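Input: a single structure, listed below in structure tokens.
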Amino acid sequence: MSPSRSKDPLVFSSYTIRLMIGAIALLFPVVVLLSAPGITPSLSWSYYTGARDLFVGLLFVIGAFLVSYQGHKQTLQKKAAGKFRKWVGENQETFVAMVGGVAAGAAAVAPTAKCFTADCLVPTAILHYVGATILFAATAYFCLVAFVGRVRAKLAADEGSRASKKTAKALLAPKRLRIGVYLFCGWGIVLIMLASIVAAITRFYPISNFTFWMETVSLELFGFAWLTASHYLPILTDESERKKTPLEQAIRQSK
């Protein structure tokens, strides 16, 4: 088949990008932990172990996918002054994803502090902390604003339809479940960020390797939220919403 007649997509869809971001974030702690000599003081501290290349590489991949992500456009209620403000207003999701992607890259190239004293708080360590904070804040935005807002709009539309009770139940249940997932992941990330900040200020760490576990749980919440938003998970989407994996598509076409 000639290139002009090929029907293969030239770029990833937004749903596929969400799937990739979610899968990488979920596997991130596991891959790094298996490559490091053991549980490090923090997940970021694996930069100083043999897992450094994996840690940096995975962060860069997540950042690249976020920068390439194209979110849904917003309809502005008021006219924004200036082209940049108007673009940001209409493309909030794209802008936040881009900022989060750049922050992921900054966290990757700037190593964390080697110790927890003021002497170790060098500029690169500060850049790492700021980048990581912005990255998780961007995910909290998607969970608590973008993803959940879109599902709530679809839920309201489905509830207002005249579908049968059986059909309505099949349509509404997955959406309500997704809302719960987004709220759980979003608020979980926010609480972990606040707990980590308090622990860093007070130097009180309730468990051993506290920062490592907080970063790990945050990444798992991060990954599960984006994986949910990919619409590839059958339990969290109804039949009309669910995206098919290449294997499922091949099986369906062969029948």
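As shown in the structure tokens, the chain order sets the letters A, B, ...; within each chain, residues go from 1, and ligands are also counted from 1 in the order they appear.
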Problem set entry | Backbone-only DSSP, alpha helix (DSSP H) members of range 37-248 of chain A, as a PyMOL selection string | chain A and resi 52-68+83-90+92-109+123-141+148-159+165-202+210-229+246-248
Take the residues that were just selected and, keeping C-alpha atoms, output them as a short mmCIF file (atom, residue, chain, number, x, y, z; two decimals), in the first residue's frame.
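And here is the file that came out, result01.cif:
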```
data_model
loop_
_atom_site.label_atom_id
_atom_site.label_comp_id
_atom_site.auth_asym_id
_atom_site.auth_seq_id
_atom_site.Cartn_x
_atom_site.Cartn_y
_atom_site.Cartn_z
CA ARG A 52 20.19 6.82 37.59
CA ASP A 53 19.83 6.32 33.83
CA LEU A 54 16.43 4.66 34.24
CA PHE A 55 15.24 7.33 36.67
CA VAL A 56 16.26 10.18 34.38
CA GLY A 57 15.07 8.43 31.22
CA LEU A 58 11.61 7.59 32.53
CA LEU A 59 11.11 11.14 33.81
CA PHE A 60 12.08 12.49 30.40
CA VAL A 61 9.63 10.12 28.67
CA ILE A 62 6.79 11.23 30.96
CA GLY A 63 7.76 14.85 30.34
CA ALA A 64 7.84 14.34 26.56
CA PHE A 65 4.37 12.77 26.55
CA LEU A 66 2.99 15.59 28.70
CA VAL A 67 4.47 18.28 26.44
CA SER A 68 2.92 16.56 23.39
CA LYS A 83 -3.33 36.55 22.64
CA PHE A 84 -1.30 34.57 25.19
CA ARG A 85 -3.89 34.90 27.96
CA LYS A 86 -6.62 33.99 25.50
CA TRP A 87 -4.68 30.92 24.35
CA VAL A 88 -4.03 29.81 27.93
CA GLY A 89 -7.69 30.35 28.82
CA GLU A 90 -8.89 28.27 25.89
CA GLN A 92 -5.84 25.20 30.00
CA GLU A 93 -5.26 21.44 29.84
CA THR A 94 -2.64 21.72 27.10
CA PHE A 95 -0.87 24.53 28.98
CA VAL A 96 -0.86 22.70 32.33
CA ALA A 97 0.38 19.50 30.67
CA MET A 98 3.15 21.45 28.94
CA VAL A 99 4.23 23.08 32.21
CA GLY A 100 4.13 19.68 33.93
CA GLY A 101 6.22 18.14 31.16
CA VAL A 102 8.87 20.84 31.38
CA ALA A 103 8.87 20.42 35.18
CA ALA A 104 9.43 16.66 34.77
CA GLY A 105 12.44 17.40 32.58
CA ALA A 106 13.79 19.86 35.15
CA ALA A 107 13.39 17.27 37.93
CA ALA A 108 15.22 14.74 35.75
CA VAL A 109 18.30 16.86 34.98
CA PRO A 123 20.40 25.20 43.53
CA THR A 124 20.09 21.93 41.59
CA ALA A 125 18.30 20.30 44.53
CA ILE A 126 15.91 23.26 44.80
CA LEU A 127 15.18 23.01 41.05
CA HIS A 128 14.49 19.29 41.49
CA TYR A 129 12.02 19.89 44.32
CA VAL A 130 10.26 22.68 42.43
CA GLY A 131 10.04 20.55 39.27
CA ALA A 132 8.64 17.54 41.15
CA THR A 133 6.12 19.72 42.99
CA ILE A 134 4.89 21.31 39.75
CA LEU A 135 4.64 17.88 38.07
CA PHE A 136 2.45 16.45 40.84
CA ALA A 137 0.45 19.69 41.08
CA ALA A 138 -0.28 19.41 37.35
CA THR A 139 -1.60 15.87 37.88
CA ALA A 140 -3.72 17.07 40.81
CA TYR A 141 -5.20 19.69 38.44
CA VAL A 148 -13.47 15.01 36.78
CA GLY A 149 -15.13 18.06 35.23
CA ARG A 150 -15.47 16.39 31.87
CA VAL A 151 -16.90 13.21 33.36
CA ARG A 152 -19.39 15.18 35.44
CA ALA A 153 -20.58 16.97 32.29
CA LYS A 154 -21.08 13.62 30.52
CA LEU A 155 -22.81 12.21 33.60
CA ALA A 156 -25.24 15.12 33.72
CA ALA A 157 -26.02 14.65 30.01
CA ASP A 158 -26.64 10.92 30.49
CA GLU A 159 -28.84 11.51 33.53
CA LYS A 165 -33.23 2.25 33.47
CA LYS A 166 -31.05 -0.69 32.41
CA THR A 167 -29.25 1.39 29.77
CA ALA A 168 -28.91 4.34 32.14
CA LYS A 169 -27.33 2.15 34.82
CA ALA A 170 -24.80 0.77 32.34
CA LEU A 171 -23.90 4.31 31.24
CA LEU A 172 -23.80 6.03 34.63
CA ALA A 173 -22.01 3.48 36.84
CA PRO A 174 -18.60 3.64 35.08
CA LYS A 175 -18.67 7.45 35.03
CA ARG A 176 -19.48 7.66 38.74
CA LEU A 177 -16.67 5.22 39.43
CA ARG A 178 -14.23 7.33 37.38
CA ILE A 179 -15.21 10.43 39.33
CA GLY A 180 -14.41 8.58 42.55
CA VAL A 181 -11.04 7.46 41.18
CA TYR A 182 -10.09 10.99 40.08
CA LEU A 183 -11.09 12.54 43.41
CA PHE A 184 -9.26 9.84 45.39
CA CYS A 185 -6.08 10.18 43.32
CA GLY A 186 -6.18 13.98 43.18
CA TRP A 187 -6.77 14.60 46.87
CA GLY A 188 -4.36 11.79 47.72
CA ILE A 189 -1.58 13.56 45.80
CA VAL A 190 -2.44 16.90 47.45
CA LEU A 191 -2.34 15.39 50.95
CA ILE A 192 0.95 13.61 50.27
CA MET A 193 2.49 16.84 48.96
CA LEU A 194 1.38 18.70 52.11
CA ALA A 195 2.61 15.90 54.39
CA SER A 196 5.99 15.87 52.62
CA ILE A 197 6.36 19.63 52.99
CA VAL A 198 5.49 19.49 56.70
CA ALA A 199 7.92 16.60 57.23
CA ALA A 200 10.71 18.48 55.45
CA ILE A 201 10.14 21.61 57.56
CA THR A 202 9.78 19.86 60.92
CA PHE A 210 9.21 8.28 54.52
CA THR A 211 10.04 10.35 51.43
CA PHE A 212 10.58 7.23 49.31
CA TRP A 213 7.16 5.83 50.17
CA MET A 214 5.41 9.18 49.72
CA GLU A 215 6.93 9.60 46.26
CA THR A 216 6.07 6.01 45.37
CA VAL A 217 2.43 6.32 46.42
CA SER A 218 2.15 9.67 44.60
CA LEU A 219 3.43 8.09 41.38
CA GLU A 220 1.00 5.18 41.73
CA LEU A 221 -1.90 7.63 42.17
CA PHE A 222 -0.51 9.69 39.28
CA GLY A 223 -0.34 6.62 37.03
CA PHE A 224 -3.72 5.18 37.95
CA ALA A 225 -5.47 8.52 37.32
CA TRP A 226 -3.98 8.86 33.83
CA LEU A 227 -4.59 5.18 33.10
CA THR A 228 -8.24 5.68 34.06
CA ALA A 229 -8.48 8.71 31.77
CA PRO A 246 -4.36 -3.12 19.11
CA LEU A 247 -4.72 -6.79 20.15
CA GLU A 248 -8.47 -6.40 20.72
#
```
For this session: Report the distance between CA of Ala23 in chain A and CA of Ser230 in chain A in Å, rounded to one decimal place.
Result: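 If I compute the distance from CA of Ala23 in chain A to CA of Ser230 in chain A, I get 10.2 Å.
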For this session: Have a look at CA of Asp238 in chain A and CA of Leu27 in chain A and let me know their distance in Å, one decimal.
Result: 25.9 Å
Problem set entry | Pairwise distance for CA of Val32 in chain A and CA of Arg203 in chain A, rounded to one decimal in Å |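 Straight-line distance from CA of Val32 in chain A to CA of Arg203 in chain A works out to 25.5 Å.
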For this session: Compare A:Ile21, A:Ser240, A:Gly71, A:Ala51 by their minimum atom-to-atom distance to Leu34 in chain A, counting only C-alpha atoms, and give me the closest one.
Result: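 For Leu34 in chain A, the nearest of the candidates is A:Ala51.
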Problem set entry | Residue nearest Ile17 in chain A among A:Tyr69, A:Tyr232, A:Tyr48, A:Phe204 (counting only C-alpha atoms) |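 Among the listed residues, A:Tyr69 lies closest to Ile17 in chain A.
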